[in-house]
Amino acid sequence: MIMKIRHIKQLAHEGLWKNNPIFVQVLGICSTLAVTNLVLNTTVMCIALVFTLAFSAMTVSILREFTPRNIRMMVETLIIAFYVIIIDVVLKAYWPTMSESLGPYVGLIITNCIVMGRCEACAISNPPFKAMLDAIFNALGYSFILLIIATIREVLGMGTFLGLGVPFFSGPHWDKWTIMVMPPGAFFILAMIVWGFRSLQMSREDKKK
């Protein structure tokens with residue numbers, strides 16, 4: 001049990017911090033720039049990504065012994081697409097306004113290199129439980145950065161958080177930064193986040209040495 005707990009902690013540390021998909025690997029930037037102008041949209045996308053990545057990795061792991069090597073990536077893409085379609089259908093049925101807001105970006109989860117990357121790097125060679133945990137922590141690490149970016153962009157650009165006015169930023173004395181809800185604002189905030197977290201990570205590693 002102690003070894004298992006240690007291993008889970010190691011997976012969490014890798015996915016959330018040491019090998020974070022965004023500020024270390026710089027993967028999945030398309031969604032970072034596309035949907036992070038509103039926190040609610042970003043939250044829904046993050047939940048969709050966690051669900052897709054977790055269940056895709058688990059399914060790939062379960063089927064790894066039965067999947068011919070020469071069609072492995074096609075099978076993985078099919079599995080990922082299956083879970084993305086589930087999310088897309090559920091959103092269209094129960095939350096059509098959100099489905100319209102996100103537009104094609106839910107479907108683009110299929111092509112997100114984080115999902116395929118974790119299926120190839122971990123799920124294809126590890127048991128289902130470990131593959132699923134690895135996927136969850138990587139998806140949460142990705143989501144954590146997306147939500148930070150979305151919060152900064154919505155507060156500075158619209159003066160709101162989850163659609164509610166934020167004191168000081170929603171008053172007449174605050175001139176809203178329109179650029180924050182535009183693509184250039186996403187690039188700027190992403191660059192600052194990557195720089196900040198990498199600097200912190202390097203500082204902590206230097207202290208350990």
# chains A, B, ... in the order shown; residues from 1 in each chain; ligands from 1
$ residues_around --residues "Ile87 of chain A" --least-positions-apart "3" --cutoff "8 Å" --atoms "only C-alpha atoms" --output "PyMOL selection string"
chain A and resi 48+83-84+90-91+106
$ residues_around --residues "segment 125-132 of chain A" --least-positions-apart "4" --cutoff "10 Å" --atoms "only C-alpha atoms" --output "short mmCIF file (atom, residue, chain, number, x, y, z; two decimals) with all heavy atoms, in the first residue's frame"
data_model
loop_
_atom_site.label_atom_id
_atom_site.label_comp_id
_atom_site.auth_asym_id
_atom_site.auth_seq_id
_atom_site.Cartn_x
_atom_site.Cartn_y
_atom_site.Cartn_z
N HIS A 7 3.60 5.79 -5.51
CA HIS A 7 3.53 5.81 -6.97
C HIS A 7 2.47 6.79 -7.46
O HIS A 7 2.67 7.50 -8.44
CB HIS A 7 3.22 4.41 -7.48
CG HIS A 7 3.48 4.25 -8.95
ND1 HIS A 7 4.73 4.43 -9.52
CD2 HIS A 7 2.63 3.97 -9.97
CE1 HIS A 7 4.65 4.23 -10.82
NE2 HIS A 7 3.39 3.97 -11.13
N ILE A 8 1.33 6.83 -6.75
CA ILE A 8 0.27 7.77 -7.10
C ILE A 8 0.76 9.21 -6.94
O ILE A 8 0.51 10.06 -7.78
CB ILE A 8 -0.99 7.51 -6.24
CG1 ILE A 8 -1.64 6.18 -6.65
CG2 ILE A 8 -2.00 8.65 -6.40
CD1 ILE A 8 -2.74 5.71 -5.72
N LEU A 11 2.95 10.07 -9.85
CA LEU A 11 2.15 10.36 -11.05
C LEU A 11 1.53 11.75 -10.95
O LEU A 11 1.49 12.50 -11.94
CB LEU A 11 1.05 9.31 -11.22
CG LEU A 11 1.48 7.91 -11.69
CD1 LEU A 11 0.29 6.97 -11.68
CD2 LEU A 11 2.10 7.97 -13.08
N LEU A 53 -9.70 12.09 -21.76
CA LEU A 53 -8.34 11.56 -21.59
C LEU A 53 -8.33 10.37 -20.64
O LEU A 53 -7.68 9.35 -20.90
CB LEU A 53 -7.42 12.66 -21.07
CG LEU A 53 -5.94 12.33 -20.91
CD1 LEU A 53 -5.38 11.63 -22.14
CD2 LEU A 53 -5.14 13.60 -20.63
N ALA A 54 -9.08 10.47 -19.54
CA ALA A 54 -9.11 9.38 -18.55
C ALA A 54 -9.67 8.09 -19.14
O ALA A 54 -9.05 7.02 -19.03
CB ALA A 54 -9.91 9.81 -17.33
N PHE A 55 -10.83 8.18 -19.78
CA PHE A 55 -11.46 6.97 -20.31
C PHE A 55 -10.79 6.46 -21.58
O PHE A 55 -10.77 5.25 -21.83
CB PHE A 55 -12.96 7.22 -20.53
CG PHE A 55 -13.74 7.20 -19.25
CD1 PHE A 55 -14.04 8.36 -18.58
CD2 PHE A 55 -14.15 5.99 -18.69
CE1 PHE A 55 -14.74 8.35 -17.38
CE2 PHE A 55 -14.85 5.96 -17.50
CZ PHE A 55 -15.14 7.14 -16.84
N SER A 56 -10.23 7.36 -22.36
CA SER A 56 -9.48 6.92 -23.55
C SER A 56 -8.24 6.14 -23.14
O SER A 56 -7.96 5.07 -23.69
CB SER A 56 -9.07 8.13 -24.40
OG SER A 56 -10.18 8.80 -24.92
N ALA A 57 -7.50 6.67 -22.16
CA ALA A 57 -6.29 5.99 -21.69
C ALA A 57 -6.63 4.63 -21.09
O ALA A 57 -5.93 3.63 -21.35
CB ALA A 57 -5.58 6.86 -20.65
N MET A 58 -7.70 4.58 -20.31
CA MET A 58 -8.10 3.30 -19.72
C MET A 58 -8.49 2.29 -20.80
O MET A 58 -8.08 1.12 -20.75
CB MET A 58 -9.28 3.53 -18.78
CG MET A 58 -9.76 2.25 -18.07
SD MET A 58 -11.27 2.52 -17.10
CE MET A 58 -12.46 2.77 -18.43
N THR A 59 -9.25 2.72 -21.79
CA THR A 59 -9.69 1.82 -22.86
C THR A 59 -8.51 1.35 -23.71
O THR A 59 -8.41 0.17 -24.06
CB THR A 59 -10.73 2.53 -23.76
OG1 THR A 59 -11.77 3.05 -22.95
CG2 THR A 59 -11.31 1.56 -24.77
N VAL A 60 -7.61 2.28 -24.04
CA VAL A 60 -6.42 1.91 -24.81
C VAL A 60 -5.60 0.88 -24.04
O VAL A 60 -5.09 -0.09 -24.62
CB VAL A 60 -5.56 3.16 -25.12
CG1 VAL A 60 -4.17 2.76 -25.64
CG2 VAL A 60 -6.25 4.04 -26.14
N SER A 61 -5.48 1.07 -22.73
CA SER A 61 -4.72 0.14 -21.90
C SER A 61 -5.37 -1.24 -21.88
O SER A 61 -4.69 -2.27 -21.98
CB SER A 61 -4.59 0.70 -20.48
OG SER A 61 -3.90 -0.21 -19.66
N ILE A 62 -6.69 -1.27 -21.75
CA ILE A 62 -7.42 -2.55 -21.71
C ILE A 62 -7.24 -3.32 -23.02
O ILE A 62 -7.08 -4.55 -23.03
CB ILE A 62 -8.92 -2.31 -21.43
CG1 ILE A 62 -9.12 -1.82 -19.99
CG2 ILE A 62 -9.74 -3.58 -21.67
CD1 ILE A 62 -10.52 -1.32 -19.68
N LEU A 63 -7.23 -2.58 -24.13
CA LEU A 63 -7.17 -3.22 -25.45
C LEU A 63 -5.75 -3.37 -25.99
O LEU A 63 -5.56 -3.83 -27.12
CB LEU A 63 -8.00 -2.41 -26.46
CG LEU A 63 -9.51 -2.28 -26.16
CD1 LEU A 63 -10.17 -1.39 -27.19
CD2 LEU A 63 -10.18 -3.66 -26.14
N ARG A 64 -4.75 -2.97 -25.19
CA ARG A 64 -3.38 -2.92 -25.73
C ARG A 64 -2.86 -4.27 -26.18
O ARG A 64 -2.08 -4.36 -27.13
CB ARG A 64 -2.42 -2.29 -24.70
CG ARG A 64 -2.14 -3.14 -23.47
CD ARG A 64 -1.37 -2.34 -22.42
NE ARG A 64 -0.89 -3.16 -21.32
CZ ARG A 64 -1.65 -3.58 -20.32
NH1 ARG A 64 -2.94 -3.27 -20.30
NH2 ARG A 64 -1.15 -4.32 -19.36
N GLU A 65 -3.28 -5.34 -25.53
CA GLU A 65 -2.80 -6.67 -25.89
C GLU A 65 -3.47 -7.19 -27.16
O GLU A 65 -2.98 -8.13 -27.78
CB GLU A 65 -3.07 -7.66 -24.74
CG GLU A 65 -2.38 -7.30 -23.42
CD GLU A 65 -0.87 -7.41 -23.50
OE1 GLU A 65 -0.38 -8.11 -24.41
OE2 GLU A 65 -0.18 -6.78 -22.66
N ARG A 118 -0.59 10.94 -24.24
CA ARG A 118 -0.64 10.10 -23.03
C ARG A 118 -1.04 8.66 -23.38
O ARG A 118 -0.59 7.72 -22.73
CB ARG A 118 -1.62 10.68 -22.01
CG ARG A 118 -1.23 12.01 -21.41
CD ARG A 118 0.26 12.19 -21.23
NE ARG A 118 0.87 11.22 -20.33
CZ ARG A 118 2.18 11.06 -20.20
NH1 ARG A 118 3.02 11.77 -20.94
NH2 ARG A 118 2.66 10.17 -19.36
N CYS A 119 -1.88 8.50 -24.40
CA CYS A 119 -2.23 7.14 -24.84
C CYS A 119 -1.00 6.41 -25.35
O CYS A 119 -0.78 5.23 -25.05
CB CYS A 119 -3.30 7.19 -25.93
SG CYS A 119 -4.93 7.66 -25.32
N GLU A 120 -0.16 7.12 -26.10
CA GLU A 120 1.06 6.53 -26.66
C GLU A 120 2.16 6.38 -25.61
O GLU A 120 2.88 5.38 -25.60
CB GLU A 120 1.57 7.40 -27.81
CG GLU A 120 0.89 7.13 -29.14
CD GLU A 120 1.29 5.79 -29.72
OE1 GLU A 120 2.47 5.59 -30.06
OE2 GLU A 120 0.40 4.93 -29.82
N ALA A 121 2.31 7.37 -24.75
CA ALA A 121 3.43 7.37 -23.80
C ALA A 121 3.19 6.48 -22.60
O ALA A 121 4.13 5.92 -22.04
CB ALA A 121 3.71 8.79 -23.33
N ILE A 136 -5.59 11.32 -15.79
CA ILE A 136 -6.32 12.29 -14.95
C ILE A 136 -5.40 13.40 -14.48
O ILE A 136 -5.74 14.59 -14.56
CB ILE A 136 -6.99 11.58 -13.76
CG1 ILE A 136 -8.17 10.72 -14.25
CG2 ILE A 136 -7.47 12.59 -12.72
CD1 ILE A 136 -8.76 9.81 -13.20
N PHE A 137 -4.22 13.03 -13.98
CA PHE A 137 -3.30 14.05 -13.45
C PHE A 137 -2.78 14.97 -14.55
O PHE A 137 -2.62 16.17 -14.35
CB PHE A 137 -2.15 13.38 -12.69
CG PHE A 137 -2.57 12.80 -11.38
CD1 PHE A 137 -2.26 11.48 -11.06
CD2 PHE A 137 -3.27 13.54 -10.45
CE1 PHE A 137 -2.65 10.93 -9.84
CE2 PHE A 137 -3.67 13.01 -9.24
CZ PHE A 137 -3.36 11.70 -8.94
N ASN A 138 -2.51 14.40 -15.73
CA ASN A 138 -2.08 15.25 -16.85
C ASN A 138 -3.19 16.19 -17.31
O ASN A 138 -2.94 17.36 -17.61
CB ASN A 138 -1.60 14.38 -18.02
CG ASN A 138 -0.15 14.02 -17.91
OD1 ASN A 138 0.74 14.74 -18.37
ND2 ASN A 138 0.13 12.89 -17.27
#
$ atom_distance --atom1 "atom CA of Asn37 of chain A" --atom2 "atom CA of Leu147 of chain A"
9.9 Å
$ residues_around --residues "Tyr142 of chain A" --least-positions-apart "3" --cutoff "7 Å" --atoms "only C-alpha atoms" --output "PDB file with N, CA and C atoms, in the first residue's frame"
ATOM      1  N   ASN A  20       4.252  19.099 -16.610  1.00  0.00           N
ATOM      2  CA  ASN A  20       2.966  19.715 -16.951  1.00  0.00           C
ATOM      3  C   ASN A  20       2.802  19.868 -18.470  1.00  0.00           C
ATOM      4  N   PRO A  21       1.641  19.473 -19.011  1.00  0.00           N
ATOM      5  CA  PRO A  21       1.452  19.507 -20.471  1.00  0.00           C
ATOM      6  C   PRO A  21       1.625  20.875 -21.111  1.00  0.00           C
ATOM      7  N   ILE A  22       1.346  21.954 -20.369  1.00  0.00           N
ATOM      8  CA  ILE A  22       1.428  23.280 -20.976  1.00  0.00           C
ATOM      9  C   ILE A  22       2.764  23.952 -20.726  1.00  0.00           C
ATOM     10  N   ASN A 138      -2.514  14.404 -15.730  1.00  0.00           N
ATOM     11  CA  ASN A 138      -2.076  15.249 -16.850  1.00  0.00           C
ATOM     12  C   ASN A 138      -3.194  16.189 -17.307  1.00  0.00           C
ATOM     13  N   ALA A 139      -4.412  15.669 -17.339  1.00  0.00           N
ATOM     14  CA  ALA A 139      -5.552  16.508 -17.728  1.00  0.00           C
ATOM     15  C   ALA A 139      -5.800  17.604 -16.694  1.00  0.00           C
ATOM     16  N   ILE A 145      -3.777  25.221 -15.658  1.00  0.00           N
ATOM     17  CA  ILE A 145      -3.201  26.360 -16.376  1.00  0.00           C
ATOM     18  C   ILE A 145      -4.272  27.071 -17.199  1.00  0.00           C
ATOM     19  N   LEU A 146      -5.141  26.313 -17.862  1.00  0.00           N
ATOM     20  CA  LEU A 146      -6.207  26.919 -18.658  1.00  0.00           C
ATOM     21  C   LEU A 146      -7.111  27.799 -17.808  1.00  0.00           C
TER      22      LEU A 146
END
$ closest_residue --among "A:Gly159, A:Thr67, A:Ala191, A:Cys30" --to "Tyr105 of chain A" --atoms "only C-alpha atoms"
A:Cys30
$ residues_around --residues "Trp177 of chain A" --least-positions-apart "5" --cutoff "12 Å" --atoms "only C-alpha atoms" --output "PDB file with all heavy atoms, in the first residue's frame"
ATOM      1  N   ASN A  37     -11.258  32.758 -23.047  1.00  0.00           N
ATOM      2  CA  ASN A  37     -11.690  34.136 -22.787  1.00  0.00           C
ATOM      3  C   ASN A  37     -12.826  34.180 -21.762  1.00  0.00           C
ATOM      4  O   ASN A  37     -13.131  35.230 -21.216  1.00  0.00           O
ATOM      5  CB  ASN A  37     -12.114  34.832 -24.088  1.00  0.00           C
ATOM      6  CG  ASN A  37     -13.210  34.082 -24.808  1.00  0.00           C
ATOM      7  OD1 ASN A  37     -13.405  32.897 -24.599  1.00  0.00           O
ATOM      8  ND2 ASN A  37     -13.949  34.774 -25.653  1.00  0.00           N
ATOM      9  N   ILE A 152      -7.727  35.301 -15.644  1.00  0.00           N
ATOM     10  CA  ILE A 152      -7.048  36.577 -15.907  1.00  0.00           C
ATOM     11  C   ILE A 152      -7.690  37.289 -17.094  1.00  0.00           C
ATOM     12  O   ILE A 152      -7.973  38.497 -17.044  1.00  0.00           O
ATOM     13  CB  ILE A 152      -5.542  36.352 -16.175  1.00  0.00           C
ATOM     14  CG1 ILE A 152      -4.858  35.804 -14.913  1.00  0.00           C
ATOM     15  CG2 ILE A 152      -4.864  37.646 -16.619  1.00  0.00           C
ATOM     16  CD1 ILE A 152      -3.433  35.342 -15.129  1.00  0.00           C
ATOM     17  N   ARG A 153      -7.957  36.552 -18.162  1.00  0.00           N
ATOM     18  CA  ARG A 153      -8.519  37.162 -19.368  1.00  0.00           C
ATOM     19  C   ARG A 153      -9.930  37.700 -19.137  1.00  0.00           C
ATOM     20  O   ARG A 153     -10.270  38.797 -19.574  1.00  0.00           O
ATOM     21  CB  ARG A 153      -8.536  36.143 -20.511  1.00  0.00           C
ATOM     22  CG  ARG A 153      -7.151  35.768 -21.024  1.00  0.00           C
ATOM     23  CD  ARG A 153      -7.252  34.819 -22.198  1.00  0.00           C
ATOM     24  NE  ARG A 153      -7.789  35.502 -23.381  1.00  0.00           N
ATOM     25  CZ  ARG A 153      -8.207  34.847 -24.464  1.00  0.00           C
ATOM     26  NH1 ARG A 153      -8.149  33.520 -24.505  1.00  0.00           N
ATOM     27  NH2 ARG A 153      -8.681  35.522 -25.493  1.00  0.00           N
ATOM     28  N   GLU A 154     -10.762  36.926 -18.443  1.00  0.00           N
ATOM     29  CA  GLU A 154     -12.141  37.380 -18.229  1.00  0.00           C
ATOM     30  C   GLU A 154     -12.197  38.568 -17.270  1.00  0.00           C
ATOM     31  O   GLU A 154     -12.932  39.535 -17.504  1.00  0.00           O
ATOM     32  CB  GLU A 154     -13.014  36.244 -17.692  1.00  0.00           C
ATOM     33  CG  GLU A 154     -14.472  36.664 -17.562  1.00  0.00           C
ATOM     34  CD  GLU A 154     -15.402  35.543 -17.126  1.00  0.00           C
ATOM     35  OE1 GLU A 154     -14.990  34.363 -17.173  1.00  0.00           O
ATOM     36  OE2 GLU A 154     -16.537  35.859 -16.736  1.00  0.00           O
ATOM     37  N   VAL A 155     -11.411  38.517 -16.210  1.00  0.00           N
ATOM     38  CA  VAL A 155     -11.430  39.614 -15.233  1.00  0.00           C
ATOM     39  C   VAL A 155     -10.915  40.907 -15.857  1.00  0.00           C
ATOM     40  O   VAL A 155     -11.538  41.970 -15.736  1.00  0.00           O
ATOM     41  CB  VAL A 155     -10.608  39.247 -13.979  1.00  0.00           C
ATOM     42  CG1 VAL A 155     -10.435  40.460 -13.075  1.00  0.00           C
ATOM     43  CG2 VAL A 155     -11.295  38.123 -13.206  1.00  0.00           C
ATOM     44  N   LEU A 156      -9.767  40.838 -16.528  1.00  0.00           N
ATOM     45  CA  LEU A 156      -9.184  42.047 -17.109  1.00  0.00           C
ATOM     46  C   LEU A 156      -9.936  42.524 -18.350  1.00  0.00           C
ATOM     47  O   LEU A 156     -10.051  43.723 -18.597  1.00  0.00           O
ATOM     48  CB  LEU A 156      -7.715  41.810 -17.471  1.00  0.00           C
ATOM     49  CG  LEU A 156      -6.754  41.544 -16.308  1.00  0.00           C
ATOM     50  CD1 LEU A 156      -5.337  41.329 -16.825  1.00  0.00           C
ATOM     51  CD2 LEU A 156      -6.776  42.689 -15.296  1.00  0.00           C
ATOM     52  N   GLY A 157     -10.443  41.581 -19.134  1.00  0.00           N
ATOM     53  CA  GLY A 157     -11.085  41.944 -20.394  1.00  0.00           C
ATOM     54  C   GLY A 157     -12.554  42.294 -20.278  1.00  0.00           C
ATOM     55  O   GLY A 157     -13.065  43.100 -21.055  1.00  0.00           O
ATOM     56  N   MET A 158     -13.252  41.667 -19.305  1.00  0.00           N
ATOM     57  CA  MET A 158     -14.693  41.898 -19.184  1.00  0.00           C
ATOM     58  C   MET A 158     -15.112  42.419 -17.813  1.00  0.00           C
ATOM     59  O   MET A 158     -16.260  42.831 -17.623  1.00  0.00           O
ATOM     60  CB  MET A 158     -15.452  40.599 -19.494  1.00  0.00           C
ATOM     61  CG  MET A 158     -15.225  40.069 -20.892  1.00  0.00           C
ATOM     62  SD  MET A 158     -16.212  38.587 -21.187  1.00  0.00           S
ATOM     63  CE  MET A 158     -15.712  38.169 -22.858  1.00  0.00           C
ATOM     64  N   GLY A 159     -14.214  42.332 -16.847  1.00  0.00           N
ATOM     65  CA  GLY A 159     -14.559  42.769 -15.502  1.00  0.00           C
ATOM     66  C   GLY A 159     -15.470  41.814 -14.771  1.00  0.00           C
ATOM     67  O   GLY A 159     -16.121  42.167 -13.788  1.00  0.00           O
ATOM     68  N   PHE A 169     -12.832  45.819 -10.933  1.00  0.00           N
ATOM     69  CA  PHE A 169     -12.660  45.570 -12.369  1.00  0.00           C
ATOM     70  C   PHE A 169     -13.944  45.783 -13.170  1.00  0.00           C
ATOM     71  O   PHE A 169     -13.905  45.862 -14.393  1.00  0.00           O
ATOM     72  CB  PHE A 169     -12.137  44.159 -12.615  1.00  0.00           C
ATOM     73  CG  PHE A 169     -10.752  43.938 -12.090  1.00  0.00           C
ATOM     74  CD1 PHE A 169     -10.548  43.273 -10.890  1.00  0.00           C
ATOM     75  CD2 PHE A 169      -9.651  44.406 -12.776  1.00  0.00           C
ATOM     76  CE1 PHE A 169      -9.259  43.075 -10.402  1.00  0.00           C
ATOM     77  CE2 PHE A 169      -8.367  44.216 -12.300  1.00  0.00           C
ATOM     78  CZ  PHE A 169      -8.174  43.548 -11.100  1.00  0.00           C
ATOM     79  N   SER A 170     -15.101  45.832 -12.487  1.00  0.00           N
ATOM     80  CA  SER A 170     -16.365  46.019 -13.210  1.00  0.00           C
ATOM     81  C   SER A 170     -16.923  47.434 -13.062  1.00  0.00           C
ATOM     82  O   SER A 170     -17.972  47.742 -13.605  1.00  0.00           O
ATOM     83  CB  SER A 170     -17.407  45.004 -12.714  1.00  0.00           C
ATOM     84  OG  SER A 170     -17.604  45.145 -11.308  1.00  0.00           O
ATOM     85  N   MET A 182      -9.217  38.888 -26.867  1.00  0.00           N
ATOM     86  CA  MET A 182      -8.829  38.622 -28.252  1.00  0.00           C
ATOM     87  C   MET A 182      -7.630  37.669 -28.277  1.00  0.00           C
ATOM     88  O   MET A 182      -6.939  37.509 -27.255  1.00  0.00           O
ATOM     89  CB  MET A 182      -8.477  39.939 -28.943  1.00  0.00           C
ATOM     90  CG  MET A 182      -9.649  40.921 -29.026  1.00  0.00           C
ATOM     91  SD  MET A 182      -9.139  42.565 -29.562  1.00  0.00           S
ATOM     92  CE  MET A 182      -8.592  42.223 -31.236  1.00  0.00           C
ATOM     93  N   PRO A 184      -4.526  37.850 -29.320  1.00  0.00           N
ATOM     94  CA  PRO A 184      -3.236  38.355 -28.824  1.00  0.00           C
ATOM     95  C   PRO A 184      -3.140  38.338 -27.299  1.00  0.00           C
ATOM     96  O   PRO A 184      -2.067  38.091 -26.737  1.00  0.00           O
ATOM     97  CB  PRO A 184      -3.184  39.796 -29.359  1.00  0.00           C
ATOM     98  CG  PRO A 184      -4.053  39.781 -30.563  1.00  0.00           C
ATOM     99  CD  PRO A 184      -5.162  38.832 -30.245  1.00  0.00           C
ATOM    100  N   GLY A 185      -4.274  38.590 -26.632  1.00  0.00           N
ATOM    101  CA  GLY A 185      -4.286  38.547 -25.174  1.00  0.00           C
ATOM    102  C   GLY A 185      -3.984  37.154 -24.657  1.00  0.00           C
ATOM    103  O   GLY A 185      -3.276  36.976 -23.655  1.00  0.00           O
TER     104      GLY A 185
END
$ residues_around --residues "segment 192-206 of chain A" --least-positions-apart "6" --cutoff "9 Å" --atoms "only C-alpha atoms" --output "list of chain:residue names"
A:Trp17, A:Lys18, A:Ile22, A:Phe23, A:Val24, A:Val26, A:Ile145, A:Ile148, A:Ile149
$ write_last_selection --atoms "N, CA and C atoms" --output "short mmCIF file (atom, residue, chain, number, x, y, z; two decimals), in the first residue's frame"
data_model
loop_
_atom_site.label_atom_id
_atom_site.label_comp_id
_atom_site.auth_asym_id
_atom_site.auth_seq_id
_atom_site.Cartn_x
_atom_site.Cartn_y
_atom_site.Cartn_z
N TRP A 17 2.86 19.03 -12.16
CA TRP A 17 3.95 20.00 -12.02
C TRP A 17 5.17 19.70 -12.89
N LYS A 18 5.89 18.63 -12.56
CA LYS A 18 7.20 18.39 -13.18
C LYS A 18 7.13 18.26 -14.70
N ILE A 22 1.35 21.95 -20.37
CA ILE A 22 1.43 23.28 -20.98
C ILE A 22 2.76 23.95 -20.73
N PHE A 23 3.13 24.20 -19.46
CA PHE A 23 4.32 25.01 -19.25
C PHE A 23 5.63 24.21 -19.31
N VAL A 24 5.56 22.90 -19.43
CA VAL A 24 6.78 22.11 -19.64
C VAL A 24 6.80 21.56 -21.07
N VAL A 26 4.48 22.20 -23.47
CA VAL A 26 3.87 23.16 -24.40
C VAL A 26 3.02 22.43 -25.44
N ILE A 145 -3.78 25.22 -15.66
CA ILE A 145 -3.20 26.36 -16.38
C ILE A 145 -4.27 27.07 -17.20
N ILE A 148 -6.37 29.31 -14.98
CA ILE A 148 -5.65 30.53 -14.58
C ILE A 148 -5.71 31.57 -15.70
N ILE A 149 -5.41 31.11 -16.93
CA ILE A 149 -5.43 32.00 -18.08
C ILE A 149 -6.83 32.58 -18.30
#
$ select_by_dssp --residues "chain A" --states "strand (DSSP E)" --output "list in words"
Thr160, Phe161, Leu164 and Gly165 of chain A
$ select_by_dssp --residues "chain A" --states "alpha helix (DSSP H)" --output "ChimeraX atom specification"
/A:2-13,29-34,39-62,72-94,96-102,113-121,128-158,183-208
$ closest_residue --among "A:Val115, A:Val181, A:Ile124, A:Ile29" --to "Arg69 of chain A" --atoms "only C-alpha atoms"
A:Ile124
$ closest_residue --among "A:Leu190, A:Ile5, A:Leu38, A:Leu16" --to "Gly163 of chain A" --atoms "only C-alpha atoms"
A:Leu38
$ closest_residue --among "A:Leu162, A:Ile85, A:Met73, A:Met98" --to "Gly117 of chain A" --atoms "only C-alpha atoms"
A:Met73
$ closest_residue --among "A:Leu33, A:Ile189, A:Ile80, A:Ala12" --to "Ile110 of chain A" --atoms "only C-alpha atoms"
A:Ile80
$ atom_distance --atom1 "atom CA of Glu76 of chain A" --atom2 "atom CA of Ala123 of chain A"
10.1 Å
$ atom_distance --atom1 "atom CA of Leu140 of chain A" --atom2 "atom CA of Gly15 of chain A"
7.6 Å
$ closest_residue --among "A:Ile79, A:Ala150, A:Leu133, A:Cys122" --to "Val44 of chain A" --atoms "only C-alpha atoms"
A:Ala150
$ decode --residues "segment 57-74 of chain A" --atoms "N, CA and C atoms" --output "mmCIF file, in the first residue's frame"
data_model
loop_
_atom_site.group_PDB
_atom_site.id
_atom_site.type_symbol
_atom_site.label_atom_id
_atom_site.label_comp_id
_atom_site.auth_asym_id
_atom_site.auth_seq_id
_atom_site.Cartn_x
_atom_site.Cartn_y
_atom_site.Cartn_z
ATOM 1 N N ALA A 57 -7.502 6.674 -22.160
ATOM 2 C CA ALA A 57 -6.291 5.990 -21.687
ATOM 3 C C ALA A 57 -6.632 4.627 -21.091
ATOM 4 N N MET A 58 -7.697 4.576 -20.308
ATOM 5 C CA MET A 58 -8.104 3.300 -19.716
ATOM 6 C C MET A 58 -8.486 2.290 -20.798
ATOM 7 N N THR A 59 -9.248 2.724 -21.794
ATOM 8 C CA THR A 59 -9.685 1.824 -22.863
ATOM 9 C C THR A 59 -8.507 1.354 -23.710
ATOM 10 N N VAL A 60 -7.614 2.282 -24.039
ATOM 11 C CA VAL A 60 -6.416 1.911 -24.809
ATOM 12 C C VAL A 60 -5.597 0.879 -24.040
ATOM 13 N N SER A 61 -5.480 1.074 -22.731
ATOM 14 C CA SER A 61 -4.715 0.138 -21.904
ATOM 15 C C SER A 61 -5.366 -1.243 -21.877
ATOM 16 N N ILE A 62 -6.693 -1.275 -21.749
ATOM 17 C CA ILE A 62 -7.416 -2.553 -21.711
ATOM 18 C C ILE A 62 -7.240 -3.324 -23.022
ATOM 19 N N LEU A 63 -7.233 -2.575 -24.126
ATOM 20 C CA LEU A 63 -7.169 -3.217 -25.452
ATOM 21 C C LEU A 63 -5.749 -3.368 -25.987
ATOM 22 N N ARG A 64 -4.750 -2.975 -25.192
ATOM 23 C CA ARG A 64 -3.383 -2.916 -25.729
ATOM 24 C C ARG A 64 -2.858 -4.266 -26.181
ATOM 25 N N GLU A 65 -3.275 -5.337 -25.527
ATOM 26 C CA GLU A 65 -2.798 -6.675 -25.890
ATOM 27 C C GLU A 65 -3.467 -7.191 -27.161
ATOM 28 N N PHE A 66 -4.596 -6.591 -27.521
ATOM 29 C CA PHE A 66 -5.363 -7.083 -28.670
ATOM 30 C C PHE A 66 -5.256 -6.163 -29.886
ATOM 31 N N THR A 67 -4.511 -5.067 -29.743
ATOM 32 C CA THR A 67 -4.412 -4.092 -30.826
ATOM 33 C C THR A 67 -3.160 -4.343 -31.665
ATOM 34 N N PRO A 68 -3.320 -4.667 -32.940
ATOM 35 C CA PRO A 68 -2.139 -4.853 -33.810
ATOM 36 C C PRO A 68 -1.310 -3.569 -33.871
ATOM 37 N N ARG A 69 -0.010 -3.710 -33.828
ATOM 38 C CA ARG A 69 0.876 -2.554 -33.774
ATOM 39 C C ARG A 69 0.733 -1.643 -34.997
ATOM 40 N N ASN A 70 0.484 -2.220 -36.158
ATOM 41 C CA ASN A 70 0.443 -1.420 -37.386
ATOM 42 C C ASN A 70 -0.812 -0.554 -37.506
ATOM 43 N N ILE A 71 -1.850 -0.829 -36.685
ATOM 44 C CA ILE A 71 -3.053 0.022 -36.720
ATOM 45 C C ILE A 71 -3.321 0.660 -35.347
ATOM 46 N N ARG A 72 -2.298 0.640 -34.486
ATOM 47 C CA ARG A 72 -2.459 1.113 -33.103
ATOM 48 C C ARG A 72 -2.999 2.546 -33.028
ATOM 49 N N MET A 73 -2.405 3.447 -33.781
ATOM 50 C CA MET A 73 -2.797 4.851 -33.686
ATOM 51 C C MET A 73 -4.192 5.100 -34.249
ATOM 52 N N MET A 74 -4.591 4.341 -35.237
ATOM 53 C CA MET A 74 -5.947 4.464 -35.766
ATOM 54 C C MET A 74 -6.976 4.015 -34.730
#
